[in-house]
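To be precise, the following lines are structure-v2.txt, and they hold compact mmCIF, C-alpha atoms and all ligand atoms.
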# COMPACT_ATOMS: atom_id res chain seq x y z
CA MET E 1 -2.72 -9.24 -18.68
CA ASN E 2 -1.86 -12.67 -17.45
CA SER E 3 -1.26 -13.81 -13.89
CA GLY E 4 1.11 -16.55 -15.13
CA ASP E 5 2.44 -18.91 -12.51
CA ASN E 6 2.02 -16.44 -9.71
CA GLU E 7 -0.02 -18.00 -6.97
CA LEU E 8 -1.85 -15.72 -4.59
CA THR E 9 -4.16 -17.26 -2.08
CA THR E 10 -5.90 -16.09 1.04
CA ILE E 11 -7.52 -18.22 3.64
CA THR E 12 -10.29 -16.95 5.84
CA THR E 13 -12.58 -18.71 8.24
CA SER E 14 -15.26 -16.11 8.70
CA SER E 15 -18.59 -16.12 6.89
CA ALA E 16 -19.81 -13.12 4.92
CA SER E 17 -22.73 -10.94 5.98
CA PRO E 18 -25.86 -11.04 3.75
CA LYS E 19 -24.99 -8.43 1.14
CA SER E 20 -21.41 -9.02 0.09
CA LEU E 21 -19.90 -5.59 -0.35
CA VAL E 22 -16.62 -4.78 -2.01
CA ILE E 23 -14.88 -2.08 0.05
CA ALA E 24 -11.83 -0.16 -1.18
CA ILE E 25 -9.68 1.80 1.28
CA ASP E 26 -6.90 3.94 -0.16
CA GLY E 27 -4.57 6.57 1.23
CA PRO E 28 -0.95 7.48 1.89
CA ALA E 29 1.54 5.55 4.06
CA GLY E 30 0.71 5.63 7.75
CA ALA E 31 -2.88 6.90 7.44
CA GLY E 32 -4.06 3.80 9.34
CA LYS E 33 -5.45 1.88 6.37
CA SER E 34 -4.28 -1.60 7.37
CA THR E 35 -5.51 -1.45 10.96
CA VAL E 36 -8.83 0.06 9.95
CA ALA E 37 -9.36 -2.24 6.95
CA ARG E 38 -8.63 -5.34 9.02
CA ARG E 39 -11.02 -4.22 11.78
CA VAL E 40 -13.79 -3.45 9.29
CA ALA E 41 -13.26 -6.84 7.60
CA ASP E 42 -13.36 -8.66 10.96
CA ALA E 43 -16.54 -6.84 12.00
CA LEU E 44 -18.29 -7.80 8.75
CA GLY E 45 -16.81 -11.30 8.49
CA TYR E 46 -15.15 -10.29 5.21
CA LEU E 47 -11.83 -11.16 3.68
CA TYR E 48 -9.10 -8.55 4.23
CA ILE E 49 -6.47 -8.01 1.54
CA ASP E 50 -3.45 -5.84 2.27
CA THR E 51 -2.13 -4.99 -1.19
CA GLY E 52 0.80 -3.02 0.27
CA ALA E 53 2.00 -6.32 1.78
CA MET E 54 2.00 -7.80 -1.73
CA TYR E 55 4.24 -4.98 -3.06
CA ARG E 56 6.44 -5.33 0.02
CA ALA E 57 6.68 -9.10 -0.58
CA ALA E 58 7.74 -8.46 -4.19
CA THR E 59 10.36 -5.98 -2.91
CA TRP E 60 11.61 -8.50 -0.34
CA LEU E 61 12.07 -11.02 -3.14
CA VAL E 62 14.11 -8.58 -5.25
CA LEU E 63 16.43 -7.98 -2.28
CA ALA E 64 16.61 -11.65 -1.27
CA GLN E 65 17.57 -12.65 -4.83
CA ASN E 66 20.08 -9.81 -5.14
CA VAL E 67 18.53 -8.59 -8.37
CA ASN E 68 19.81 -5.23 -9.56
CA THR E 69 17.02 -2.74 -8.84
CA GLN E 70 17.64 -1.10 -12.26
CA ASP E 71 17.08 -4.42 -14.06
CA LEU E 72 13.32 -4.03 -14.56
CA GLU E 73 12.95 -7.02 -16.88
CA SER E 74 14.47 -9.45 -14.36
CA ILE E 75 12.36 -7.96 -11.55
CA VAL E 76 9.12 -8.46 -13.50
CA LYS E 77 10.11 -12.05 -14.37
CA LEU E 78 10.98 -12.78 -10.75
CA VAL E 79 7.65 -11.45 -9.45
CA ALA E 80 5.68 -13.21 -12.21
CA ALA E 81 7.18 -16.57 -11.26
CA ALA E 82 6.79 -16.12 -7.51
CA SER E 83 4.19 -17.47 -5.15
CA ILE E 84 2.97 -14.70 -2.87
CA GLU E 85 0.38 -15.77 -0.30
CA LEU E 86 -1.57 -13.81 2.29
CA LYS E 87 -2.92 -16.00 5.08
CA GLN E 88 -5.35 -14.83 7.68
CA SER E 89 -4.78 -16.52 11.04
CA LEU E 90 -7.64 -18.58 12.42
CA ASP E 91 -7.78 -16.63 15.71
CA GLY E 92 -8.07 -13.14 14.16
CA GLY E 93 -4.33 -12.49 14.70
CA PRO E 94 -2.10 -10.75 12.17
CA GLN E 95 -1.97 -11.78 8.54
CA THR E 96 0.95 -13.98 7.48
CA VAL E 97 2.75 -13.16 4.23
CA LEU E 98 4.51 -16.04 2.49
CA VAL E 99 6.88 -15.67 -0.47
CA ASN E 100 7.61 -18.98 -2.15
CA GLY E 101 6.53 -20.66 1.08
CA LYS E 102 8.76 -18.57 3.39
CA ASP E 103 7.12 -16.49 6.11
CA VAL E 104 8.35 -12.92 5.53
CA SER E 105 5.63 -11.14 7.57
CA GLY E 106 8.17 -9.41 9.85
CA GLU E 107 10.90 -8.84 7.27
CA ILE E 108 8.63 -6.92 4.87
CA ARG E 109 7.96 -4.25 7.52
CA THR E 110 11.58 -3.09 7.95
CA GLN E 111 12.78 0.38 6.95
CA GLN E 112 14.97 -1.18 4.27
CA ILE E 113 11.89 -2.55 2.50
CA SER E 114 9.92 0.68 3.09
CA ARG E 115 12.68 2.61 1.31
CA LEU E 116 12.74 0.37 -1.76
CA VAL E 117 9.06 -0.46 -2.13
CA SER E 118 8.04 2.76 -3.93
CA PRO E 119 10.39 2.30 -6.91
CA ILE E 120 9.61 -1.43 -7.16
CA SER E 121 5.85 -0.81 -7.02
CA ALA E 122 6.20 1.82 -9.76
CA ILE E 123 7.36 -0.81 -12.28
CA PRO E 124 4.41 -1.32 -14.70
CA GLY E 125 5.01 -5.09 -15.14
CA VAL E 126 5.04 -5.64 -11.37
CA ARG E 127 1.79 -3.71 -11.01
CA GLN E 128 0.08 -5.50 -13.90
CA HIS E 129 0.84 -8.78 -12.28
CA LEU E 130 -0.27 -7.92 -8.78
CA VAL E 131 -3.38 -6.02 -9.92
CA VAL E 132 -4.69 -9.11 -11.77
CA ALA E 133 -4.04 -11.21 -8.67
CA GLN E 134 -5.85 -8.63 -6.48
CA GLN E 135 -8.86 -8.56 -8.80
CA GLN E 136 -9.06 -12.35 -8.66
CA LEU E 137 -8.94 -12.31 -4.86
CA ALA E 138 -11.81 -9.80 -4.74
CA ALA E 139 -13.95 -11.48 -7.41
CA ALA E 140 -16.21 -13.29 -4.94
CA GLY E 141 -17.07 -10.07 -3.04
CA ALA E 142 -17.26 -9.72 0.76
CA VAL E 143 -13.85 -8.13 0.75
CA VAL E 144 -12.04 -5.14 2.21
CA MET E 145 -8.95 -4.25 0.19
CA ASP E 146 -6.51 -1.49 1.07
CA GLY E 147 -3.78 0.18 -0.96
CA ARG E 148 -3.13 3.21 -3.17
CA ASP E 149 -5.03 2.48 -6.38
CA ILE E 150 -7.84 0.19 -5.22
CA GLY E 151 -10.70 2.62 -5.85
CA THR E 152 -9.16 4.03 -9.03
CA VAL E 153 -7.66 0.99 -10.80
CA VAL E 154 -8.04 -2.37 -9.05
CA LEU E 155 -11.71 -2.22 -8.03
CA PRO E 156 -13.21 0.83 -9.78
CA LYS E 157 -16.72 -0.60 -9.23
CA ALA E 158 -16.30 -1.10 -5.47
CA ASP E 159 -19.53 -0.55 -3.49
CA LEU E 160 -17.80 1.73 -0.99
CA LYS E 161 -14.57 3.69 -1.45
CA ILE E 162 -12.82 5.41 1.42
CA PHE E 163 -9.79 7.70 1.11
CA LEU E 164 -8.01 7.88 4.47
CA THR E 165 -5.63 10.75 5.10
CA ALA E 166 -3.69 12.27 7.99
CA SER E 167 -0.96 14.91 8.21
CA ALA E 168 2.58 13.71 7.47
CA GLU E 169 3.61 14.58 11.06
CA ILE E 170 0.87 12.44 12.59
CA ARG E 171 1.66 9.58 10.22
CA ALA E 172 5.39 9.73 11.04
CA GLY E 173 4.55 9.60 14.75
CA ARG E 174 2.39 6.50 14.21
CA ARG E 175 5.12 4.81 12.14
CA LEU E 176 7.64 5.58 14.91
CA LYS E 177 5.49 3.74 17.45
CA ASP E 178 5.03 0.73 15.14
CA LEU E 179 8.76 0.45 14.42
CA GLU E 180 9.69 0.88 18.08
CA ALA E 181 7.22 -1.88 18.95
CA ALA E 182 9.03 -4.05 16.37
CA GLY E 183 12.39 -3.37 18.09
CA GLU E 184 13.75 -0.72 15.67
CA ARG E 185 15.04 2.67 16.87
CA PRO E 186 14.31 5.09 14.05
CA ASP E 187 14.82 8.85 14.11
CA GLU E 188 11.47 10.65 13.89
CA ALA E 189 12.82 13.42 11.63
CA VAL E 190 14.17 10.82 9.21
CA LEU E 191 10.84 8.98 9.29
CA LEU E 192 8.98 12.21 8.50
CA HIS E 193 11.30 12.90 5.58
CA GLU E 194 10.85 9.32 4.29
CA ILE E 195 7.05 9.48 4.57
CA LYS E 196 6.98 12.73 2.59
CA GLU E 197 9.30 11.23 0.00
CA ARG E 198 7.13 8.10 -0.29
CA ASP E 199 4.03 10.31 -0.69
CA ARG E 200 5.80 12.18 -3.46
CA LEU E 201 6.91 9.01 -5.27
CA ASP E 202 3.55 7.23 -4.83
CA SER E 203 1.53 10.23 -6.03
CA THR E 204 3.68 11.28 -8.97
CA ARG E 205 4.46 7.91 -10.56
CA ALA E 206 3.23 7.37 -14.11
CA VAL E 207 1.22 4.20 -13.48
CA ALA E 208 -1.68 4.14 -10.99
CA PRO E 209 -0.53 7.04 -8.79
CA LEU E 210 -1.97 7.53 -5.32
CA ARG E 211 -5.05 9.69 -5.73
CA GLN E 212 -8.59 9.86 -4.42
CA ALA E 213 -11.20 8.28 -6.69
CA GLN E 214 -13.92 10.75 -7.67
CA ASP E 215 -16.56 8.71 -5.87
CA ALA E 216 -14.46 8.03 -2.75
CA ILE E 217 -15.39 9.41 0.66
CA PRO E 218 -12.46 11.28 2.26
CA LEU E 219 -11.76 10.70 5.95
CA ASN E 220 -9.03 12.66 7.75
CA THR E 221 -7.87 10.63 10.75
CA ASP E 222 -5.70 13.29 12.49
CA ASN E 223 -8.16 13.69 15.34
CA LEU E 224 -9.98 10.38 15.16
CA THR E 225 -9.27 7.17 17.06
CA ILE E 226 -9.18 3.87 15.20
CA ASP E 227 -12.53 3.00 16.81
CA ASP E 228 -14.02 6.26 15.44
CA VAL E 229 -12.81 5.54 11.92
CA VAL E 230 -13.99 1.92 12.01
CA SER E 231 -17.44 2.85 13.24
CA ARG E 232 -17.81 5.58 10.60
CA ILE E 233 -16.95 3.10 7.87
CA LEU E 234 -19.31 0.46 9.30
CA ASN E 235 -22.09 3.07 9.31
CA LEU E 236 -21.37 3.85 5.67
CA CYS E 237 -21.55 0.09 4.94
CA LYS E 238 -25.01 -0.08 6.52
CA ARG E 239 -26.22 2.52 4.03
CA GLN E 240 -24.99 0.33 1.17
CA ALA E 241 -26.66 -2.85 2.48
O1 LIG S 301 0.62 0.35 2.49
P1 LIG S 301 2.12 0.10 2.54
O2 LIG S 301 2.91 1.24 3.14
O3 LIG S 301 2.45 -1.21 3.17
O4 LIG S 301 2.54 0.02 0.99
C1 LIG S 301 3.86 -0.17 0.61
C2 LIG S 301 4.12 0.47 -0.75
O5 LIG S 301 3.46 -0.27 -1.76
C3 LIG S 301 3.70 1.92 -0.91
O6 LIG S 301 4.79 2.80 -0.77
C4 LIG S 301 3.17 2.01 -2.32
C5 LIG S 301 2.96 0.59 -2.75
N1 LIG S 301 1.57 0.25 -3.00
C6 LIG S 301 1.08 0.51 -4.24
O7 LIG S 301 1.80 1.06 -5.07
N2 LIG S 301 -0.17 0.16 -4.56
C7 LIG S 301 -0.96 -0.45 -3.66
N3 LIG S 301 -2.21 -0.81 -4.02
C8 LIG S 301 -0.49 -0.70 -2.35
C9 LIG S 301 0.79 -0.31 -2.04

Translate the structure of the given file into structure tokens.
Ligand code: DC
Amino acid sequence: MNSGDNELTTITTSSASPKSLVIAIDGPAGAGKSTVARRVADALGYLYIDTGAMYRAATWLVLAQNVNTQDLESIVKLVAAASIELKQSLDGGPQTVLVNGKDVSGEIRTQQISRLVSPISAIPGVRQHLVVAQQQLAAAGAVVMDGRDIGTVVLPKADLKIFLTASAEIRAGRRLKDLEAAGERPDEAVLLHEIKERDRLDSTRAVAPLRQAQDAIPLNTDNLTIDDVVSRILNLCKRQA
């Protein structure tokens, strides 16, 4: 596998704690991975890498360039030649996602992207490319990476693997709040249907399907607050240190 011209960089200002752990957090859409992973990374002074944002950025590019979504060869070429950057803000604010220098942080979170991201992320050439980039970003350690295949494919030797789950209904309710906060007015029943459909596509695809790694610790977040989940993971980190 070759990362070609694709440039993926992250910038962080925090310093790592003494033992630099590699932490993988996987799970289905809306389980709370991003919020939890970012909070754990901040608490430890680690780099946070949102791999879903990378697949969303690739999907944004396909739409922006009007590439036919059936034309897999052109999609892989487009992603291979693109610069996708994740930048952590200096004040602990949200991560910025840049595609070929353009800030697409807001645009990659729309329902339109959420609908198309599963088929785009199922394309083997797209995955190969982004997985190599993700492995390079994690090579120095002191990293929290979240996604679907981090514990199984991207970082199989991670020091700590967490598999976050929650019922589809709870996840749809969380997504509703996020989208409403972003000014969208989605229908909750439609969101629930879409979450179930994304679960189905992400877990049944041929390459790197969503599944719990054998050595991952499962955490159901239905009845847990974000603080609860973060502190459980930080406690698990202490045992690794
Ligand atoms: O975490 P998210 O909802 O932002 O992820 C968007 C999509 O990207 C998700 O439907 C599946 C895909 N994805 C993936 O295939 N592998 C990853 N490591 C992360 C995300």

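The interatomic distance for the pair CA of Leu224 in chain E and CA of Arg56 in chain E works out to 27.3 Å.
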
Discussion item. Can you pull out the residues contacting Ala31 in chain E? Cut-off 12 Å, using only C-alpha atoms, and skip same-chain residues under 3 positions away; I want them as a PyMOL selection string.
Written reply: chain E and resi 25-28+34-37+146-148+162-175+195+199+218-226+229

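Shortest atom-to-atom contact with ligand LIG 301 (chain S) among E:Glu197, E:Glu85, E:Asp42, E:Asp149: E:Asp149, counting all atoms listed in the file.
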
Practice prompt. Give as a PyMOL selection string each residue that has an atom at most 12 Å from (11.9, -2.6, 4.2) in the file, counting all atoms listed in the file.
Written response: chain E and resi 52-53+55-64+104-118+120+179+184+194

Item to complete: Check the smallest atom-to-atom distance from each of E:Ala216, E:Val190, E:Ile49, E:Leu78 to Leu137 in chain E using only C-alpha atoms, then report the winner.
Response: E:Ile49

Item to complete: Rounded to one decimal place, report the CA of Arg198 in chain E-CA of Gly30 in chain E distance in Å.
Response: 10.6 Å
